[in-house]
There are 4 protein chains.
Amino acid sequence: MIVVLKNNPNQKQLDNLIQWLNSLNLDINYSQGKETTILGLIGDTSAVDIDLIAALDIVDTVKRISEPYKNANRKFHPEDTVIDVNGVKIGGTNFQIIAGPCSVESEEQICSVAESVKESGASMLRGGAFKPRTSPYAFQGMRDQGIELLLKAKKMSGLPIVSEIMDLSQLPLFEEVDVVQVGARNMQNFELLKELGKTSKPILLKRGLSSTLQELLMSAEYIMAGGNGRVILCERGIRTFETATRNTLDLSAIPLLKTMTHLPIIVDPSHATGISKLVKPMAMAAVAAGADGLLIEVHNDPVHALCDGPQSLTPEAFQDLVNSVNRILEVLA
Amino acid sequence: MIVVLKNNPNQKQLDNLIQWLNSLNLDINYSQGKETTILGLIGDTSAVDIDLIAALDIVDTVKRISEPYKNANRKFHPEDTVIDVNGVKIGGTNFQIIAGPCSVESEEQICSVAESVKESGASMLRGGAFKPRTSPYAFQGMRDQGIELLLKAKKMSGLPIVSEIMDLSQLPLFEEVDVVQVGARNMQNFELLKELGKTSKPILLKRGLSSTLQELLMSAEYIMAGGNGRVILCERGIRTFETATRNTLDLSAIPLLKTMTHLPIIVDPSHATGISKLVKPMAMAAVAAGADGLLIEVHNDPVHALCDGPQSLTPEAFQDLVNSVNRILEVLA
Amino acid sequence: MIVVLKNNPNQKQLDNLIQWLNSLNLDINYSQGKETTILGLIGDTSAVDIDLIAALDIVDTVKRISEPYKNANRKFHPEDTVIDVNGVKIGGTNFQIIAGPCSVESEEQICSVAESVKESGASMLRGGAFKPRTSPYAFQGMRDQGIELLLKAKKMSGLPIVSEIMDLSQLPLFEEVDVVQVGARNMQNFELLKELGKTSKPILLKRGLSSTLQELLMSAEYIMAGGNGRVILCERGIRTFETATRNTLDLSAIPLLKTMTHLPIIVDPSHATGISKLVKPMAMAAVAAGADGLLIEVHNDPVHALCDGPQSLTPEAFQDLVNSVNRILEVLA
Amino acid sequence: MIVVLKNNPNQKQLDNLIQWLNSLNLDINYSQGKETTILGLIGDTSAVDIDLIAALDIVDTVKRISEPYKNANRKFHPEDTVIDVNGVKIGGTNFQIIAGPCSVESEEQICSVAESVKESGASMLRGGAFKPRTSPYAFQGMRDQGIELLLKAKKMSGLPIVSEIMDLSQLPLFEEVDVVQVGARNMQNFELLKELGKTSKPILLKRGLSSTLQELLMSAEYIMAGGNGRVILCERGIRTFETATRNTLDLSAIPLLKTMTHLPIIVDPSHATGISKLVKPMAMAAVAAGADGLLIEVHNDPVHALCDGPQSLTPEAFQDLVNSVNRILEVLA
């Protein structure tokens with residue numbers, strides 16, 4: 001961390017600052033220029049509050065040099081993390097497709113989708129039981145019952161299942177869910193993240209609608225700091241001024257995150273675009289950009305899906321997507 | 001709601017659509033043009049999933065005419081809502097200033113700030129016990145103990161208190177807290193909103209960093225649909241490309257929300273700008289734009305504040321702000 | 001265009017509106033519901049000012065159904081436009097890579113880069129003579145002399161050349177330039193667009209930093225309305241809250257634009273990301289998403305490039321990119 | 001400027017860097033820490049290309065300490081600039097309202113508006129002759145003839161006139177125009193800015209839709225570097241994800257710009273919001289935030305305005321706005 005002081009700082013305030021920094025076990029590299037004095041703080045600065053220092057009268061600017069995330073940082077963990085989800089590996093050289101409907105609606109629906117996507121090449125099943133909906137009057141998911149149906153589909157198909165948690169209090173229901181998803185709106189639900197950090201479950205952490213990549217990694221850090229290193233990151237589009245697509249899928253996040261962290265990164269082109277015909281080209285692009293996996297919405301009857309219909313694929317369209325993605329993967333191998 | 005059909009729609013699909021719409025108790029106004037066919041849906045469309053209709057093959061576009069929020073809608077409740085917080089009224093012609101430190105740090109601190117802001121003209125005390133921090137390594141608030149200290153300051157000063165809840169599980173601790181704040185990062189924590197809707201506590205609902213005004217009202221609607229109509233909205237800046245201020249304070253939200261809803265609207269210039277010297281001019285601007293109140297960060301020793309120091313005011317600066325705000329209020333009266 | 005009227009509209013104002021709409025040669029489909037009256041405007045509404053109608057007292061909302069662009073619209077021109085640039089075809093099934101330095105710096109530099117990128121597989125040479133720089137104190141390009149050097153490189157290498165125009169007054173200098181580039185900051189320089197519409201030169205039109213896809217097509221329409229249909233669109237990143245990359249490359253723009261327009265669409269991953277190591281993965285992703293071409297910054301000595309060095313590739317890195325892109329193209333064929 | 005080197009930098013590359021920096025007349029303050037080496041560059045760094053240094057292999061990060069603008073910088077010009085427009089002073093303690101229609105439409109229209117706004121308290125007349133419209137099919141302004149009509153209105157009313165230039169080639173027509181406006185879409189039309197810098201005309205420079213405050217000042221710097229210091233800045237809303245208003249008016253820009261620059265800053269609430277009923281509250285808020293003036297759209301018959309009708313005020317509404325603004329001004333005095 002570098003602290004640039006204003007010209008002619010008050011000596012007493014400067015002494016106070018230096019004393020306080022020393023109390024945080026930081027060494028100070030003091031560099032006096034003609035017009036500018038610079039303090040280089042050496043040591044573990046991840047707990048230092050950058051805003052606090054910036055607020056001091058004698059300080060002009062502060063700049064963090066080392067990243068504020070440690071467990072998620074590739075610098076301290078150069079090799080790719082591979083996460084084993086009930087025998088299905090993701091990360092490193094292991095690419096996986098997670099597919100399924102937005103919402104679980106019935107046993108017949110979830111089981112038939114499970115069978116269909118498995119046959120097409122998906123290795124995990126997704127399905128929403130608890131649904132975060134903007135309107136209190138929209139369908140909120142089948143909740144407990146939805147989890148039960150997912151577990152039936154898991155048993156039937158043998159696919160590990162992925163489902164979204166919306167509140168701490170739902171955690172007991174997720175005991176047999178293989179991957180717990182934290183949605184974009186909960187990416188900074190810090191109490192939830194802390195609790196998930198105490199479990200040993202793989203967590204699929206979606207990027208918030210207006211979250212920077214650093215904030216995404218800080219949220220992963222919340223989980224990892226609690227002892228759970230099994231975090232899968234998911235890019236799912238950010239909110240911008242453009243309204244032609246529901247969100248703007250930020251694919252440059254993939255190669256950039258790869259340099260910042262060792263965690264696997266998957267992409268959700270269905271929610272990002274909100275338009276079914278864009279799902280395949282964006283899935284292919286995500287794979288070409290280096291994604292470790294995809295999260296794809298598939299429904300046996302898109303028109304009657306109870307939510308997010310416009311973006312879900314038919315089983316036929318999903319099979320076509322998998323074929324195209326596989327051809328891209330061969331090129332990259 | 002208006003549904004514009006594509007040219008030459010498949011008759012069977014059209015019949016299905018009309019049958020389904022009728023099953024939702026909607027009347028349909030069918031208008032056949034030379035090139036375009038338009039369905040006008042008449043009745044309560046707040047529960048209709050607009051995305052679902054848009055997904056149909058025969059549909060070109062769908063447009064909602066009536067707003068999807070009812071309880072919060074000024075159309076159905078033309079008069080300003082006035083909320084009584086332990087004798088302090090906000091909304092309508094009642095303007096209030098809520099002030100206090102970002103975090104509760106000690107009994108001495110919170111009590112001295114309480115006394116000071118009361119004397120300067122604040123009518124409620126704010127103070128954070130549970131703090132949503134981007135980093136797991138930053139100070140997370142005094143939590144239970146912080147609430148206790150706030151209650152002491154309440155008793156001492158007589159000021160109603162406002163504090164932020166971060167998770168459902170903390171609700172029992174807020175029994176004597178007068179106003180429960182839902183922070184920007186939790187604006188779409190729908191499980192929390194639903195639970196708060198079952199209480200009778202005034203809720204201070206902050207706009208999310210990337211939330212539209214309609215989404216803010218839909219979150220208020222979650223609380224109100226549960227039976228709790230005592231919601232105070234708070235504009236606190238949105239995330240944009242501009243990094244010179246922490247967020248971009250959207251003051252046009254005030255007069256616009258006034259036309260959309262009957263709920264009181266306050267402004268938090270401290271968090272919005274993140275720069276203490278901007279707090280006073282933006283507070284004055286907020287009042288001139290018609291805000292029903294202000295949320296101001298005040299600290300007895302800004303430099304040593306454990307969080308958000310750069311944006312908090314000294315007691316002297318706060319007094320100066322109150323004086324200026326009062327002069328603006330006189331002009332508006 | 002659909003006009004939704006407010007309840008119980010003033011009859012005289014309504015008569016005025018209908019009379020005015022008729023004077024624009026529009027037929028009106030009048031649909032009276034119980035609560036809502038809807039006017040469907042039939043005919044060529046591209047010249048109708050939607051804001052003007054929305055301003056009327058009796059109007060609730062207005063919605064455009066047909067797109068406001070005609071020449072650029074795929075509806076009226078279903079086949080892909082193929083543009084022939086001095087024998088090099090782009091669009092349809094023709095994929096091309098345009099490469100070269102950000103700025104022309106010397107004859108030796110531009111000629112050696114031209115030879116190198118040609119050998120690697122580029123089919124056009126780019127080079128900036130006029131440079132739009134944020135600071136008046138930064139290098140502004142070699143200007144007239146830069147164009148001369150580009151023409152030498154063209155003659156030497158046989159590659160068609162692409163260069164950016166910054167003002168109408170520079171047009172005479174571009175007589176032998178094969179493709180005239182309009183930069184992101186000039187996408188809505190309407191006087192320039194109109195003048196380019198009177199030429200027969202291929203125009204490479206870059207999307208503005210905060211321009212929607214519809215605005216991009218409206219700018220293309222300015223050129224095409226003048227008689228010049230040879231427009232190549234270029235996605236080069238939009239401005240969002242994320243600062244980890246210089247801009248956010250919006251690759252979903254490619255498949256979406258393909259449905260809206262028949263014009264070729266290329267991608268500039270160099271400017272979009274501003275980070276050289278992201279150029280190759282984003283180039284591959286752009287191709288997988290369906291781009292008709294790439295615009296890649298290549299320099300013989302990136303460290304000493306006079307501008308935009310951080311994003312340019314060495315000739316070796318460019319060769320590697322071309323090889324990877326070709327493998328993706330084979331998959332798509 | 002501070003350059004943070006990577007650990008164990010290649011000595012030869014470091015020597016090259018230092019030699020190059022010295023060639024730019026910069027002194028180097030070399031500070032070697034245990035893990036980090038920092039170079040402090042002392043001298044005039046406004047012409048140093050920060051991206052170029054950041055691109056070097058041995059460099060970790062670069063940070064500018066001093067601002068890249070000089071002429072516009074308050075540090076070097078602590079007193080407020082007051083600009084005299086034909087006897088009407090703006091800046092410092094001088095507040096002015098510029099009012100008039102979006103477009104000049106006829107002699108009768110512009111003259112009657114001029115008379116009306118003058119009587120209400122406006123001190124300058126605005127009117128568009130050249131109109132930047134998104135669509136080539138929309139009304140483009142009366143152009144040369146519009147300027148002539150403005151000059152008639154100037155002669156009749158005695159008010160100085162403000163009008164927008166869209167291209168260099170129009171400059172001769174602006175000889176008798178008192179203030180030349182550069183619109184948001186031309187804020188980075190650098191060739192135009194350079195040419196305006198050679199004139200002695202007051203320039204009203206509008207902030208671009210996605211421009212940072214620093215970029216706005218860099219564009220002012222283009223004009224000032226040419227010798228013309230008479231620049232009036234204008235905040236007119238930025239583009240964000242929120243679509244309830246046309247743009248998001250960033251009022252915190254006013255007090256922040258006041259600390260960065262000595263130039264006068266005015267606000268255009270009409271274009272920013274695009275909604276006439278928001279113009280008055282936002283005008284009042286702008287004044288409370290410290291604006292030096294307002295730019296208000298007024299029309300004698302808003303419904304029939306040829307462009308931007310929804311945001312313009314009737315003469316009566318404008319009189320009401322002026323009265324309210326004057327009461328706020330009295331408070332601030």
# chains A, B, ... in the order shown; residues from 1 in each chain; ligands from 1
>>> interface_residues(of="chain C", to="chain B", cutoff="7 Å", atoms="only C-alpha atoms", output="JSON, numbers by chain")
{"C": [29, 31, 33, 239, 240, 241]}
>>> select_by_dssp(residues="region 11-249 of chain D", states="alpha helix (DSSP H)", output="PyMOL selection string")
chain D and resi 11-23+50-54+107-120+144-157+190-197+213-225
>>> select_by_dssp(residues="region 126-194 of chain C", states="strand (DSSP E or B)", output="number ranges by chain")
C: 126, 128, 161-165, 179-182
>>> residues_around(residues="Trp20 (chain C)", least_positions_apart="4", cutoff="12 Å", atoms="only C-alpha atoms", output="list in words")
Gln13, Leu14, Asp15, Asn16, Leu24, Asn25, Leu26, Asp27, Ile28, Leu41, Val48, Leu52 and Ile53 of chain C; Val303 and His304 of chain D
>>> write_last_selection(atoms="all heavy atoms", output="CSV table (one decimal), in the first residue's frame")
chain,number,residue,atom,x,y,z
C,13,GLN,N,-58.6,17.9,-28.1
C,13,GLN,CA,-57.2,17.5,-28.3
C,13,GLN,C,-57.0,16.2,-29.1
C,13,GLN,O,-56.1,16.1,-29.9
C,13,GLN,CB,-56.6,17.4,-26.9
C,13,GLN,CG,-56.4,18.7,-26.1
C,13,GLN,CD,-55.7,18.6,-24.8
C,13,GLN,OE1,-56.1,17.8,-23.9
C,13,GLN,NE2,-54.6,19.2,-24.7
C,14,LEU,N,-57.9,15.3,-28.8
C,14,LEU,CA,-57.9,14.0,-29.6
C,14,LEU,C,-58.1,14.2,-31.1
C,14,LEU,O,-57.4,13.7,-31.9
C,14,LEU,CB,-58.9,13.0,-29.0
C,14,LEU,CG,-59.0,11.7,-29.6
C,14,LEU,CD1,-57.6,11.0,-29.6
C,14,LEU,CD2,-60.0,10.8,-28.9
C,15,ASP,N,-59.1,15.1,-31.4
C,15,ASP,CA,-59.3,15.4,-32.8
C,15,ASP,C,-58.1,16.0,-33.4
C,15,ASP,O,-57.7,15.7,-34.5
C,15,ASP,CB,-60.5,16.3,-32.9
C,15,ASP,CG,-61.8,15.6,-32.5
C,15,ASP,OD1,-61.9,14.4,-32.5
C,15,ASP,OD2,-62.8,16.3,-32.3
C,16,ASN,N,-57.5,17.0,-32.7
C,16,ASN,CA,-56.2,17.6,-33.2
C,16,ASN,C,-55.2,16.6,-33.5
C,16,ASN,O,-54.5,16.6,-34.5
C,16,ASN,CB,-55.7,18.6,-32.2
C,16,ASN,CG,-56.5,19.9,-32.2
C,16,ASN,OD1,-57.2,20.2,-33.2
C,16,ASN,ND2,-56.3,20.7,-31.1
C,24,LEU,N,-49.6,13.2,-41.6
C,24,LEU,CA,-48.3,12.5,-41.8
C,24,LEU,C,-48.5,11.3,-42.7
C,24,LEU,O,-47.6,10.4,-42.7
C,24,LEU,CB,-47.7,12.2,-40.5
C,24,LEU,CG,-47.3,13.4,-39.6
C,24,LEU,CD1,-46.9,12.9,-38.2
C,24,LEU,CD2,-46.1,14.2,-40.2
C,25,ASN,N,-49.7,11.2,-43.3
C,25,ASN,CA,-50.0,10.0,-44.1
C,25,ASN,C,-50.0,8.7,-43.4
C,25,ASN,O,-49.6,7.6,-43.9
C,25,ASN,CB,-48.9,9.9,-45.3
C,25,ASN,CG,-49.2,10.9,-46.3
C,25,ASN,OD1,-50.3,11.2,-46.6
C,25,ASN,ND2,-48.1,11.5,-46.8
C,26,LEU,N,-50.5,8.8,-42.1
C,26,LEU,CA,-50.6,7.5,-41.3
C,26,LEU,C,-52.1,7.2,-41.2
C,26,LEU,O,-52.9,8.0,-41.0
C,26,LEU,CB,-50.0,7.8,-39.9
C,26,LEU,CG,-48.5,8.1,-39.9
C,26,LEU,CD1,-48.1,8.5,-38.5
C,26,LEU,CD2,-47.7,6.8,-40.3
C,27,ASP,N,-52.3,5.9,-41.3
C,27,ASP,CA,-53.7,5.4,-41.0
C,27,ASP,C,-53.7,5.1,-39.5
C,27,ASP,O,-52.7,4.7,-38.9
C,27,ASP,CB,-53.9,4.1,-41.8
C,27,ASP,CG,-54.2,4.4,-43.3
C,27,ASP,OD1,-54.6,5.6,-43.5
C,27,ASP,OD2,-54.1,3.5,-44.1
C,28,ILE,N,-54.9,5.3,-39.0
C,28,ILE,CA,-55.1,5.1,-37.6
C,28,ILE,C,-56.1,4.0,-37.3
C,28,ILE,O,-57.2,4.0,-37.8
C,28,ILE,CB,-55.6,6.4,-36.9
C,28,ILE,CG1,-54.5,7.4,-37.1
C,28,ILE,CG2,-55.8,6.2,-35.4
C,28,ILE,CD1,-54.9,8.8,-36.7
C,41,LEU,N,-50.8,3.3,-35.2
C,41,LEU,CA,-50.5,4.1,-36.4
C,41,LEU,C,-49.9,3.2,-37.4
C,41,LEU,O,-48.9,2.5,-37.2
C,41,LEU,CB,-49.5,5.2,-36.0
C,41,LEU,CG,-49.8,6.0,-34.7
C,41,LEU,CD1,-48.9,7.2,-34.6
C,41,LEU,CD2,-51.2,6.5,-34.8
C,48,VAL,N,-41.7,10.0,-37.6
C,48,VAL,CA,-42.6,10.5,-36.5
C,48,VAL,C,-41.7,10.7,-35.3
C,48,VAL,O,-41.0,9.8,-34.9
C,48,VAL,CB,-43.8,9.6,-36.3
C,48,VAL,CG1,-44.6,10.1,-35.1
C,48,VAL,CG2,-44.6,9.5,-37.5
C,52,LEU,N,-42.4,13.8,-29.2
C,52,LEU,CA,-43.4,14.9,-29.4
C,52,LEU,C,-44.8,14.3,-29.0
C,52,LEU,O,-45.6,15.0,-28.3
C,52,LEU,CB,-43.4,15.3,-30.9
C,52,LEU,CG,-44.4,16.4,-31.3
C,52,LEU,CD1,-44.4,17.6,-30.3
C,52,LEU,CD2,-44.1,16.8,-32.7
C,53,ILE,N,-45.1,13.1,-29.5
C,53,ILE,CA,-46.4,12.6,-29.2
C,53,ILE,C,-46.5,12.3,-27.7
C,53,ILE,O,-47.6,12.5,-27.0
C,53,ILE,CB,-46.7,11.3,-30.0
C,53,ILE,CG1,-46.7,11.6,-31.5
C,53,ILE,CG2,-48.0,10.6,-29.6
C,53,ILE,CD1,-46.8,10.4,-32.4
D,303,VAL,N,-46.4,21.7,-27.0
D,303,VAL,CA,-47.0,20.5,-27.8
D,303,VAL,C,-46.6,20.5,-29.2
D,303,VAL,O,-46.4,19.4,-29.8
D,303,VAL,CB,-48.5,20.5,-27.6
D,303,VAL,CG1,-49.1,19.4,-28.6
D,303,VAL,CG2,-48.9,20.2,-26.2
D,304,HIS,N,-46.4,21.7,-29.8
D,304,HIS,CA,-46.0,21.7,-31.2
D,304,HIS,C,-44.6,21.9,-31.4
D,304,HIS,O,-44.1,22.1,-32.6
D,304,HIS,CB,-46.9,22.7,-31.9
D,304,HIS,CG,-48.3,22.3,-32.0
D,304,HIS,ND1,-49.3,22.9,-31.2
D,304,HIS,CD2,-49.0,21.4,-32.7
D,304,HIS,CE1,-50.5,22.3,-31.4
D,304,HIS,NE2,-50.3,21.4,-32.3
>>> residues_around(residues="Leu313 (chain B)", least_positions_apart="6", cutoff="10 Å", atoms="only C-alpha atoms", output="ChimeraX atom specification")
/B:99-101,270,275-277,279-280,296-302,319,321
>>> atom_distance(atom1="CA of Asn186 (chain A)", atom2="CA of Lys152 (chain A)")
26.9 Å
>>> residues_around(residues="region 285-293 of chain A", least_positions_apart="4", cutoff="6 Å", atoms="only C-alpha atoms", output="list in words")
Gly91, Phe95, Gln96, Ile97, Pro264, Ile265 and Ile266 of chain A; Pro281, Met282, Met284, Ala285, Ala288 and Ala289 of chain C
>>> write_last_selection(atoms="all heavy atoms", output="compact mmCIF listing (two decimals), in the first residue's frame")
# COMPACT_ATOMS: atom_id res chain seq x y z
N GLY A 91 -12.95 -27.40 -13.31
CA GLY A 91 -11.74 -26.61 -13.11
C GLY A 91 -10.54 -27.32 -13.68
O GLY A 91 -10.59 -28.51 -13.99
N PHE A 95 -14.00 -29.50 -18.05
CA PHE A 95 -15.10 -28.64 -18.48
C PHE A 95 -16.43 -29.35 -18.25
O PHE A 95 -16.57 -30.53 -18.55
CB PHE A 95 -14.93 -28.32 -19.97
CG PHE A 95 -16.00 -27.44 -20.52
CD1 PHE A 95 -15.85 -26.07 -20.53
CD2 PHE A 95 -17.18 -27.98 -21.04
CE1 PHE A 95 -16.85 -25.24 -21.04
CE2 PHE A 95 -18.18 -27.17 -21.54
CZ PHE A 95 -18.01 -25.80 -21.54
N GLN A 96 -17.42 -28.62 -17.69
CA GLN A 96 -18.71 -29.26 -17.40
C GLN A 96 -19.86 -28.35 -17.80
O GLN A 96 -19.77 -27.13 -17.70
CB GLN A 96 -18.84 -29.55 -15.89
CG GLN A 96 -17.71 -30.38 -15.30
CD GLN A 96 -17.61 -31.80 -15.88
OE1 GLN A 96 -18.55 -32.27 -16.55
NE2 GLN A 96 -16.49 -32.46 -15.67
N ILE A 97 -20.95 -28.98 -18.21
CA ILE A 97 -22.18 -28.23 -18.51
C ILE A 97 -23.25 -28.58 -17.48
O ILE A 97 -23.53 -29.75 -17.23
CB ILE A 97 -22.70 -28.54 -19.93
CG1 ILE A 97 -21.64 -28.14 -20.96
CG2 ILE A 97 -24.00 -27.79 -20.20
CD1 ILE A 97 -22.08 -28.37 -22.41
N PRO A 264 -12.40 -22.11 -10.45
CA PRO A 264 -13.05 -22.32 -11.74
C PRO A 264 -14.08 -21.22 -12.03
O PRO A 264 -14.69 -20.67 -11.10
CB PRO A 264 -13.76 -23.67 -11.60
CG PRO A 264 -13.52 -24.16 -10.23
CD PRO A 264 -12.72 -23.16 -9.47
N ILE A 265 -14.26 -20.93 -13.31
CA ILE A 265 -15.17 -19.86 -13.73
C ILE A 265 -16.11 -20.40 -14.81
O ILE A 265 -15.67 -20.87 -15.84
CB ILE A 265 -14.38 -18.68 -14.33
CG1 ILE A 265 -13.41 -18.13 -13.28
CG2 ILE A 265 -15.32 -17.56 -14.80
CD1 ILE A 265 -12.09 -17.73 -13.86
N ILE A 266 -17.40 -20.31 -14.55
CA ILE A 266 -18.38 -20.75 -15.55
C ILE A 266 -19.21 -19.56 -16.00
O ILE A 266 -19.13 -18.47 -15.42
CB ILE A 266 -19.28 -21.89 -15.03
CG1 ILE A 266 -20.23 -21.38 -13.95
CG2 ILE A 266 -18.44 -23.04 -14.50
CD1 ILE A 266 -21.29 -22.40 -13.55
N PRO C 281 -7.84 -14.32 -26.33
CA PRO C 281 -9.09 -15.00 -25.95
C PRO C 281 -10.34 -14.26 -26.40
O PRO C 281 -11.32 -14.90 -26.81
CB PRO C 281 -9.01 -15.09 -24.41
CG PRO C 281 -7.88 -14.23 -23.99
CD PRO C 281 -6.97 -14.10 -25.15
N MET C 282 -10.31 -12.93 -26.37
CA MET C 282 -11.52 -12.21 -26.79
C MET C 282 -11.67 -12.24 -28.32
O MET C 282 -12.80 -12.21 -28.83
CB MET C 282 -11.50 -10.78 -26.26
CG MET C 282 -11.52 -10.68 -24.74
SD MET C 282 -12.64 -11.88 -23.92
CE MET C 282 -14.23 -11.18 -24.34
N MET C 284 -10.88 -14.85 -30.14
CA MET C 284 -11.44 -16.19 -30.37
C MET C 284 -12.92 -16.21 -30.02
O MET C 284 -13.74 -16.79 -30.73
CB MET C 284 -10.67 -17.22 -29.55
CG MET C 284 -9.23 -17.41 -30.05
SD MET C 284 -8.22 -18.38 -28.88
CE MET C 284 -8.94 -20.02 -29.11
N ALA C 285 -13.26 -15.56 -28.91
CA ALA C 285 -14.67 -15.52 -28.49
C ALA C 285 -15.51 -14.76 -29.52
O ALA C 285 -16.63 -15.17 -29.84
CB ALA C 285 -14.78 -14.87 -27.11
N ALA C 288 -16.14 -17.00 -32.40
CA ALA C 288 -17.12 -18.03 -32.04
C ALA C 288 -18.53 -17.46 -31.97
O ALA C 288 -19.52 -18.15 -32.22
CB ALA C 288 -16.73 -18.66 -30.70
N ALA C 289 -18.64 -16.17 -31.62
CA ALA C 289 -19.96 -15.54 -31.54
C ALA C 289 -20.49 -15.12 -32.91
O ALA C 289 -21.62 -14.66 -33.02
CB ALA C 289 -19.90 -14.32 -30.60
>>> residues_around(residues="Gly127 (chain A)", least_positions_apart="2", cutoff="10 Å", atoms="only C-alpha atoms", output="ChimeraX atom specification")
/A:98-105,110,113-114,125,129-131,146-147,149-150,161-164,297-298
>>> residues_around(residues="Asn86 (chain A)", least_positions_apart="3", cutoff="10 Å", atoms="only C-alpha atoms", output="list in words")
Ile83, Lys89, Met124, Gly158, Leu159, Pro160, Ile161, Asp178, Val179 and Pro202 of chain A
>>> atom_distance(atom1="CA of Leu329 (chain B)", atom2="CA of Pro255 (chain D)")
20.3 Å
>>> decode(residues="region 72-110 of chain D", atoms="C-alpha atoms", output="PDB file, in the first residue's frame")
ATOM      1  CA  ALA D  72      -8.485  24.520 -16.063  1.00  0.00           C
ATOM      2  CA  ASN D  73      -6.958  23.554 -12.719  1.00  0.00           C
ATOM      3  CA  ARG D  74      -7.974  25.540  -9.657  1.00  0.00           C
ATOM      4  CA  LYS D  75      -4.597  24.805  -8.067  1.00  0.00           C
ATOM      5  CA  PHE D  76      -2.910  27.157 -10.510  1.00  0.00           C
ATOM      6  CA  HIS D  77      -5.781  29.626 -10.661  1.00  0.00           C
ATOM      7  CA  PRO D  78      -7.447  29.711  -7.228  1.00  0.00           C
ATOM      8  CA  GLU D  79      -9.946  32.469  -8.001  1.00  0.00           C
ATOM      9  CA  ASP D  80     -13.259  31.836  -9.763  1.00  0.00           C
ATOM     10  CA  THR D  81     -13.211  32.778 -13.420  1.00  0.00           C
ATOM     11  CA  VAL D  82     -15.859  35.328 -14.330  1.00  0.00           C
ATOM     12  CA  ILE D  83     -16.839  35.372 -17.999  1.00  0.00           C
ATOM     13  CA  ASP D  84     -18.310  38.514 -19.494  1.00  0.00           C
ATOM     14  CA  VAL D  85     -20.760  37.731 -22.271  1.00  0.00           C
ATOM     15  CA  ASN D  86     -21.565  40.990 -23.937  1.00  0.00           C
ATOM     16  CA  GLY D  87     -22.028  42.683 -20.566  1.00  0.00           C
ATOM     17  CA  VAL D  88     -23.638  39.697 -18.789  1.00  0.00           C
ATOM     18  CA  LYS D  89     -21.239  38.198 -16.248  1.00  0.00           C
ATOM     19  CA  ILE D  90     -21.273  34.541 -15.244  1.00  0.00           C
ATOM     20  CA  GLY D  91     -19.147  32.855 -12.582  1.00  0.00           C
ATOM     21  CA  GLY D  92     -17.897  33.970  -9.178  1.00  0.00           C
ATOM     22  CA  THR D  93     -20.906  35.577  -7.531  1.00  0.00           C
ATOM     23  CA  ASN D  94     -22.756  36.060 -10.814  1.00  0.00           C
ATOM     24  CA  PHE D  95     -25.649  33.674 -11.445  1.00  0.00           C
ATOM     25  CA  GLN D  96     -27.401  33.655 -14.826  1.00  0.00           C
ATOM     26  CA  ILE D  97     -30.316  31.869 -16.449  1.00  0.00           C
ATOM     27  CA  ILE D  98     -30.109  31.032 -20.134  1.00  0.00           C
ATOM     28  CA  ALA D  99     -33.512  30.163 -21.587  1.00  0.00           C
ATOM     29  CA  GLY D 100     -35.192  29.526 -24.891  1.00  0.00           C
ATOM     30  CA  PRO D 101     -36.555  26.885 -27.210  1.00  0.00           C
ATOM     31  CA  CYS D 102     -34.807  23.691 -28.212  1.00  0.00           C
ATOM     32  CA  SER D 103     -35.059  24.647 -31.893  1.00  0.00           C
ATOM     33  CA  VAL D 104     -35.560  27.936 -33.656  1.00  0.00           C
ATOM     34  CA  GLU D 105     -38.694  27.455 -35.727  1.00  0.00           C
ATOM     35  CA  SER D 106     -39.787  30.885 -36.950  1.00  0.00           C
ATOM     36  CA  GLU D 107     -39.105  34.561 -36.373  1.00  0.00           C
ATOM     37  CA  GLU D 108     -42.344  34.940 -34.499  1.00  0.00           C
ATOM     38  CA  GLN D 109     -41.562  32.007 -32.243  1.00  0.00           C
ATOM     39  CA  ILE D 110     -37.991  32.948 -31.308  1.00  0.00           C
TER      40      ILE D 110
END
